[in-house]
file final15.pdb (PDB, C-alpha atoms (C1' of nucleotides))
ATOM      1  CA  MET A   1     -12.330  12.239   3.036
ATOM      2  CA  SER A   2      -8.716  11.179   3.012
ATOM      3  CA  ASP A   3      -6.016  10.296   0.530
ATOM      4  CA  TRP A   4      -3.712   7.297   0.775
ATOM      5  CA  LEU A   5      -0.772   5.564  -0.808
ATOM      6  CA  PHE A   6      -0.868   1.793  -1.290
ATOM      7  CA  LYS A   7       2.193  -0.246  -2.125
ATOM      8  CA  SER A   8       2.034  -3.344  -4.245
ATOM      9  CA  GLU A   9       4.554  -5.597  -5.901
ATOM     10  CA  PRO A  10       3.716  -5.614  -9.619
ATOM     11  CA  GLU A  11       4.889  -9.212  -9.973
ATOM     12  CA  THR A  12       2.305 -10.213  -7.413
ATOM     13  CA  PHE A  13      -0.516  -7.787  -8.115
ATOM     14  CA  GLY A  14       0.132  -4.607 -10.052
ATOM     15  CA  LEU A  15      -2.017  -1.801 -11.397
ATOM     16  CA  ASP A  16      -2.535  -3.697 -14.656
ATOM     17  CA  ASP A  17      -3.916  -6.614 -12.662
ATOM     18  CA  LEU A  18      -6.324  -4.315 -10.871
ATOM     19  CA  ALA A  19      -7.498  -2.789 -14.148
ATOM     20  CA  ALA A  20      -8.135  -6.300 -15.520
ATOM     21  CA  ARG A  21     -10.324  -7.443 -12.610
ATOM     22  CA  PRO A  22     -14.087  -7.696 -12.943
ATOM     23  CA  GLY A  23     -15.399  -4.264 -12.069
ATOM     24  CA  GLN A  24     -11.737  -3.208 -11.894
ATOM     25  CA  THR A  25     -12.085  -3.876  -8.191
ATOM     26  CA  GLU A  26     -10.180  -6.140  -5.817
ATOM     27  CA  PRO A  27     -10.256  -6.849  -2.073
ATOM     28  CA  TRP A  28      -6.963  -5.583  -0.657
ATOM     29  CA  ASP A  29      -6.232  -8.597   1.498
ATOM     30  CA  GLY A  30      -3.028  -9.614   3.231
ATOM     31  CA  VAL A  31      -2.281  -6.440   5.200
ATOM     32  CA  ARG A  32      -0.513  -7.810   8.293
ATOM     33  CA  ASN A  33       0.988  -4.725   9.853
ATOM     34  CA  TYR A  34      -0.756  -3.072  12.778
ATOM     35  CA  GLN A  35      -0.068   0.498  11.787
ATOM     36  CA  ALA A  36      -1.417  -0.112   8.299
ATOM     37  CA  ARG A  37      -4.318  -2.089   9.766
ATOM     38  CA  ASN A  38      -5.299   0.768  12.051
ATOM     39  CA  LEU A  39      -5.364   3.261   9.193
ATOM     40  CA  LEU A  40      -7.348   0.874   7.047
ATOM     41  CA  ARG A  41      -9.840  -0.177   9.712
ATOM     42  CA  ASP A  42     -10.374   3.158  11.435
ATOM     43  CA  GLN A  43      -9.996   5.840   8.805
ATOM     44  CA  MET A  44     -10.776   4.604   5.319
ATOM     45  CA  ARG A  45     -14.034   5.584   3.685
ATOM     46  CA  ILE A  46     -15.627   4.804   0.364
ATOM     47  CA  GLY A  47     -14.377   7.291  -2.198
ATOM     48  CA  ASP A  48     -11.007   7.967  -0.578
ATOM     49  CA  ARG A  49      -8.326   8.396  -3.230
ATOM     50  CA  ILE A  50      -5.283   6.143  -3.503
ATOM     51  CA  LEU A  51      -1.858   6.639  -5.056
ATOM     52  CA  PHE A  52      -0.902   3.225  -6.427
ATOM     53  CA  TYR A  53       2.777   2.476  -5.855
ATOM     54  CA  HIS A  54       4.874  -0.327  -7.304
ATOM     55  CA  SER A  55       7.558  -1.693  -4.998
ATOM     56  CA  ASN A  56      10.295  -4.283  -5.284
ATOM     57  CA  CYS A  57      10.580  -3.891  -9.036
ATOM     58  CA  GLU A  58      12.772  -2.401 -11.718
ATOM     59  CA  LEU A  59      11.459   1.135 -11.325
ATOM     60  CA  PRO A  60       9.815   1.637  -7.927
ATOM     61  CA  GLY A  61       7.366   4.519  -8.046
ATOM     62  CA  ILE A  62       3.822   5.775  -8.299
ATOM     63  CA  VAL A  63       2.094   4.374 -11.342
ATOM     64  CA  GLY A  64      -1.562   5.255 -10.999
ATOM     65  CA  ILE A  65      -4.641   6.204  -9.059
ATOM     66  CA  ALA A  66      -7.302   4.057  -7.446
ATOM     67  CA  GLU A  67     -10.047   4.580  -4.898
ATOM     68  CA  VAL A  68     -11.477   2.934  -1.819
ATOM     69  CA  ALA A  69     -14.563   1.074  -2.995
ATOM     70  CA  SER A  70     -15.920  -0.494   0.192
ATOM     71  CA  ALA A  71     -16.132   0.105   3.898
ATOM     72  CA  PRO A  72     -13.461  -1.695   5.944
ATOM     73  CA  ARG A  73     -14.356  -5.275   6.764
ATOM     74  CA  PRO A  74     -12.585  -8.288   8.272
ATOM     75  CA  ASP A  75      -9.997  -9.908   5.984
ATOM     76  CA  PRO A  76     -11.312 -13.426   5.323
ATOM     77  CA  THR A  77      -7.894 -14.723   4.274
ATOM     78  CA  ALA A  78      -6.783 -14.435   7.902
ATOM     79  CA  PHE A  79      -9.221 -17.240   8.769
ATOM     80  CA  ASP A  80      -8.315 -19.531   5.877
ATOM     81  CA  PRO A  81      -5.650 -22.118   6.756
ATOM     82  CA  GLU A  82      -4.948 -22.550   3.050
ATOM     83  CA  ALA A  83      -4.284 -18.867   2.476
ATOM     84  CA  ARG A  84      -0.819 -17.403   2.365
ATOM     85  CA  TYR A  85      -1.739 -14.801   4.948
ATOM     86  CA  PHE A  86      -3.546 -17.148   7.329
ATOM     87  CA  ASP A  87      -3.252 -15.977  10.925
ATOM     88  CA  PRO A  88      -4.334 -18.607  13.484
ATOM     89  CA  LYS A  89      -4.552 -15.867  16.110
ATOM     90  CA  SER A  90      -7.189 -13.901  14.235
ATOM     91  CA  ASP A  91     -10.517 -14.821  15.805
ATOM     92  CA  PRO A  92     -13.604 -14.430  13.575
ATOM     93  CA  ASP A  93     -15.469 -13.086  16.614
ATOM     94  CA  GLN A  94     -12.756 -10.487  17.109
ATOM     95  CA  PRO A  95     -10.987 -10.094  13.775
ATOM     96  CA  ARG A  96      -7.422  -8.887  13.869
ATOM     97  CA  TRP A  97      -7.020  -7.980  10.183
ATOM     98  CA  TYR A  98      -9.153  -5.878   7.875
ATOM     99  CA  LEU A  99      -9.362  -4.955   4.217
ATOM    100  CA  VAL A 100     -11.126  -2.600   1.855
ATOM    101  CA  ASP A 101     -11.997  -3.066  -1.776
ATOM    102  CA  VAL A 102      -9.830  -1.059  -4.147
ATOM    103  CA  ARG A 103     -11.109   0.161  -7.519
ATOM    104  CA  TYR A 104      -8.953   1.214 -10.452
ATOM    105  CA  THR A 105      -9.170   4.836 -11.527
ATOM    106  CA  ARG A 106      -6.389   5.425 -14.060
ATOM    107  CA  HIS A 107      -2.743   5.011 -14.917
ATOM    108  CA  LEU A 108      -0.496   8.043 -14.616
ATOM    109  CA  LYS A 109       0.916   9.353 -17.869
ATOM    110  CA  ARG A 110       4.283   8.190 -16.574
ATOM    111  CA  THR A 111       5.717   6.444 -13.551
ATOM    112  CA  ILE A 112       6.851   8.929 -10.933
ATOM    113  CA  PRO A 113       9.940   7.172  -9.600
ATOM    114  CA  LEU A 114      10.753   6.948  -5.919
ATOM    115  CA  ALA A 115      14.174   8.399  -6.692
ATOM    116  CA  GLU A 116      12.485  11.541  -8.011
ATOM    117  CA  LEU A 117      10.175  11.840  -5.019
ATOM    118  CA  LYS A 118      13.091  11.477  -2.633
ATOM    119  CA  ALA A 119      14.483  14.781  -3.883
ATOM    120  CA  PHE A 120      11.608  16.433  -2.014
ATOM    121  CA  ALA A 121      12.075  14.550   1.256
ATOM    122  CA  GLN A 122      13.165  17.771   2.963
ATOM    123  CA  GLY A 123      10.658  19.869   1.065
ATOM    124  CA  ALA A 124       7.146  19.277  -0.193
ATOM    125  CA  LEU A 125       7.186  15.646   0.932
ATOM    126  CA  ASP A 126       8.749  16.259   4.316
ATOM    127  CA  GLY A 127       7.594  13.631   6.778
ATOM    128  CA  MET A 128       6.084  11.313   4.210
ATOM    129  CA  PRO A 129       7.079   7.780   5.220
ATOM    130  CA  LEU A 130       7.599   6.736   1.596
ATOM    131  CA  VAL A 131      10.657   8.924   1.170
ATOM    132  CA  ARG A 132      12.223   8.010   4.497
ATOM    133  CA  LYS A 133      15.041   5.498   4.546
ATOM    134  CA  GLY A 134      14.142   1.992   5.557
ATOM    135  CA  ASN A 135      10.430   2.660   5.475
ATOM    136  CA  ARG A 136       8.306  -0.457   5.135
ATOM    137  CA  LEU A 137       4.818   0.846   5.741
ATOM    138  CA  SER A 138       2.624  -0.492   2.951
ATOM    139  CA  ILE A 139      -0.308   1.870   3.502
ATOM    140  CA  MET A 140       0.193   5.491   4.451
ATOM    141  CA  PRO A 141      -1.803   8.704   4.559
ATOM    142  CA  VAL A 142      -1.224  11.388   1.936
ATOM    143  CA  SER A 143      -2.090  14.991   2.753
ATOM    144  CA  PRO A 144      -4.050  17.060   0.223
ATOM    145  CA  GLU A 145      -0.909  19.157  -0.307
ATOM    146  CA  GLN A 146       1.213  16.075  -0.951
ATOM    147  CA  TRP A 147      -1.409  14.694  -3.307
ATOM    148  CA  GLU A 148      -1.467  17.882  -5.369
ATOM    149  CA  PHE A 149       2.306  18.132  -5.388
ATOM    150  CA  ILE A 150       2.892  14.555  -6.499
ATOM    151  CA  LEU A 151       0.322  14.681  -9.285
ATOM    152  CA  GLY A 152       1.865  17.974 -10.348
ATOM    153  CA  LEU A 153       4.953  15.947 -11.262
ATOM    154  CA  GLU A 154       3.013  13.692 -13.609
TER     155      GLU A 154
ATOM    156  C1'  DG B   1      21.459 -11.265  -4.904
ATOM    157  C1'  DC B   2      22.839  -8.301  -1.109
ATOM    158  C1'  DC B   3      21.867  -6.230   2.930
ATOM    159  C1'  DA B   4      20.020  -2.291   5.926
ATOM    160  C1'  DA B   5      16.050  -1.281   8.363
ATOM    161  C1'  DC B   6      12.362  -2.623  10.748
ATOM    162  C1'  DG B   7       8.503  -5.372  13.203
ATOM    163  C1'  DT B   8       7.566  -9.443  15.782
ATOM    164  C1'  DT B   9       8.527 -13.216  18.767
ATOM    165  C1'  DG B  10       9.904 -15.506  22.732
ATOM    166  C1'  DG B  11      13.269 -16.531  26.489
ATOM    167  C1'  DC B  12      14.424 -14.834  30.649
TER     168       DC B  12
ATOM    169  C1'  DG C   1       9.592  -5.522  30.421
ATOM    170  C1'  DC C   2      13.972  -6.114  28.115
ATOM    171  C1'  DC C   3      16.295  -7.375  24.179
ATOM    172  C1'  DA C   4      18.507 -10.831  21.049
ATOM    173  C1'  DA C   5      17.192 -13.570  17.349
ATOM    174  C1'  DC C   6      14.646 -14.035  13.520
ATOM    175  C1'  DG C   7      11.867 -13.135   9.344
ATOM    176  C1'  DT C   8      10.388  -9.738   6.043
ATOM    177  C1'  DT C   9      10.482  -5.628   3.229
ATOM    178  C1'  DG C  10      12.199  -3.364  -0.463
ATOM    179  C1'  DG C  11      15.861  -0.318  -2.559
ATOM    180  C1'  DC C  12      19.809  -0.866  -5.017
TER     181       DC C  12
END

call {"tool": "encode", "arguments": {"input": "final15.pdb", "output": "structure tokens"}}
result
Amino acid sequence: MSDWLFKSEPETFGLDDLAARPGQTEPWDGVRNYQARNLLRDQMRIGDRILFYHSNCELPGIVGIAEVASAPRPDPTAFDPEARYFDPKSDPDQPRWYLVDVRYTRHLKRTIPLAELKAFAQGALDGMPLVRKGNRLSIMPVSPEQWEFILGLE
DNA sequence: GCCAACGTTGGC
DNA sequence: GCCAACGTTGGC
């Protein structure tokens, strides 16, 4: 069992959107980064916990908790020429991109801002990609210690 | 809106 | 296989 952090732009699809979905569950499509893909495809299991992070917004930070609600499976939007994330090089017989379903768990009592987390970049969150400059990884692993520490800030 | 950081692409 | 050019991410 592993823990993860997922980034999402709230203007596109935020935690409120997830909570409003039928079953509070949504396929996490559109991941088009190989490092994120490998984590998603090879390591995610049903029940894994997710820190839900809002990026590219007024107050970037962790806003809630979700969970992995399906096994990894090929991302169908990669095969759809109409889809924003269509990838003509993804072959249905050998899919390049994968997704999992994500289910809402809860909102945090407050947003834990990135700026606050960065204060621990040389401490409890040492090595976490999120607090490293220029990081763009949209899915990253969270150690049990990091998970406990971050929620301790709530 | 700016721009630094980064991943990907493609020419050679 | 190198690396410049390009497009994207995402904080500020």

call {"tool": "residues_around", "arguments": {"input": "final15.pdb", "residues": "Lys109 of chain A", "least_positions_apart": "2", "cutoff": "12 Å", "atoms": "all atoms listed in the file", "output": "compact mmCIF listing (two decimals) with C-alpha atoms, keeping the file's coordinate frame"}}
result
# COMPACT_ATOMS: atom_id res chain seq x y z
CA ILE A 62 3.82 5.78 -8.30
CA VAL A 63 2.09 4.37 -11.34
CA GLY A 64 -1.56 5.26 -11.00
CA ILE A 65 -4.64 6.20 -9.06
CA ARG A 106 -6.39 5.42 -14.06
CA HIS A 107 -2.74 5.01 -14.92
CA THR A 111 5.72 6.44 -13.55
CA ILE A 112 6.85 8.93 -10.93
CA LEU A 151 0.32 14.68 -9.28
CA GLY A 152 1.86 17.97 -10.35
CA LEU A 153 4.95 15.95 -11.26
CA GLU A 154 3.01 13.69 -13.61

call {"tool": "interface_residues", "arguments": {"input": "final15.pdb", "of": "chain A", "to": "chain B", "cutoff": "8 Å", "atoms": "only C-alpha atoms (C1' of nucleotides)", "output": "list in words"}}
result
Lys133, Gly134, Asn135 and Arg136 of chain A

call {"tool": "atom_distance", "arguments": {"input": "final15.pdb", "atom1": "atom CA of Val102 of chain A", "atom2": "atom CA of Ser143 of chain A"}}
result
19.1 Å

call {"tool": "resolve_selection", "arguments": {"input": "final15.pdb", "expression": "the PyMOL selection byres ((chain A and resi 35) around 12)", "output": "list in words"}}
result
Val31, Arg32, Asn33, Tyr34, Ala36, Arg37, Asn38, Leu39, Leu40, Arg41, Asp42, Gln43, Trp97, Tyr98, Arg136, Leu137, Ser138, Ile139, Met140 and Pro141 of chain A; DG7 of chain B

call {"tool": "residues_around", "arguments": {"input": "final15.pdb", "residues": "Trp28 of chain A", "least_positions_apart": "5", "cutoff": "6 Å", "atoms": "only C-alpha atoms (C1' of nucleotides)", "output": "list in words"}}
result
Leu99, Val100 and Asp101 of chain A

call {"tool": "write_last_selection", "arguments": {"input": "final15.pdb", "atoms": "C-alpha atoms", "output": "short mmCIF file (atom, residue, chain, number, x, y, z; two decimals), keeping the file's coordinate frame"}}
result
data_model
loop_
_atom_site.label_atom_id
_atom_site.label_comp_id
_atom_site.auth_asym_id
_atom_site.auth_seq_id
_atom_site.Cartn_x
_atom_site.Cartn_y
_atom_site.Cartn_z
CA LEU A 99 -9.36 -4.96 4.22
CA VAL A 100 -11.13 -2.60 1.86
CA ASP A 101 -12.00 -3.07 -1.78
#

call {"tool": "residues_near_point", "arguments": {"input": "final15.pdb", "point": "(-13.3, -0.2, -8.9)", "cutoff": "12 Å", "atoms": "all atoms listed in the file", "output": "VMD selection string"}}
result
chain A and resid 15 17 to 28 46 to 50 65 to 70 100 to 106

call {"tool": "atom_distance", "arguments": {"input": "final15.pdb", "atom1": "atom CA of Gly123 of chain A", "atom2": "atom CA of Ser2 of chain A"}}
result
21.3 Å

call {"tool": "atom_distance", "arguments": {"input": "final15.pdb", "atom1": "atom CA of Ser8 of chain A", "atom2": "atom CA of Cys57 of chain A"}}
result
9.8 Å

call {"tool": "resolve_selection", "arguments": {"input": "final15.pdb", "expression": "the PyMOL selection byres ((chain A and resi 61) around 9)", "output": "list in words"}}
result
Phe52, Tyr53, His54, Ser55, Leu59, Pro60, Ile62, Val63, Thr111, Ile112, Pro113, Leu114, Ala115, Glu116 and Leu117 of chain A

call {"tool": "resolve_selection", "arguments": {"input": "final15.pdb", "expression": "the PyMOL selection byres ((chain A and resi 78) around 10)", "output": "number ranges by chain"}}
result
A: 29-32, 74-77, 79-92, 95-98

call {"tool": "residues_around", "arguments": {"input": "final15.pdb", "residues": "Asp126 of chain A", "least_positions_apart": "3", "cutoff": "12 Å", "atoms": "only C-alpha atoms (C1' of nucleotides)", "output": "ChimeraX atom specification"}}
result
/A:117-123,129-132,142-143,145-146,149

call {"tool": "axis_aligned_box", "arguments": {"input": "final15.pdb", "around": "segment 65-77 of chain A", "padding_each_side": "4 Å", "output": "lines of an AutoDock Vina configuration file"}}
result
center_x = -10.4
center_y = -4.3
center_z = -0.4
size_x = 19.5
size_y = 28.9
size_z = 25.3
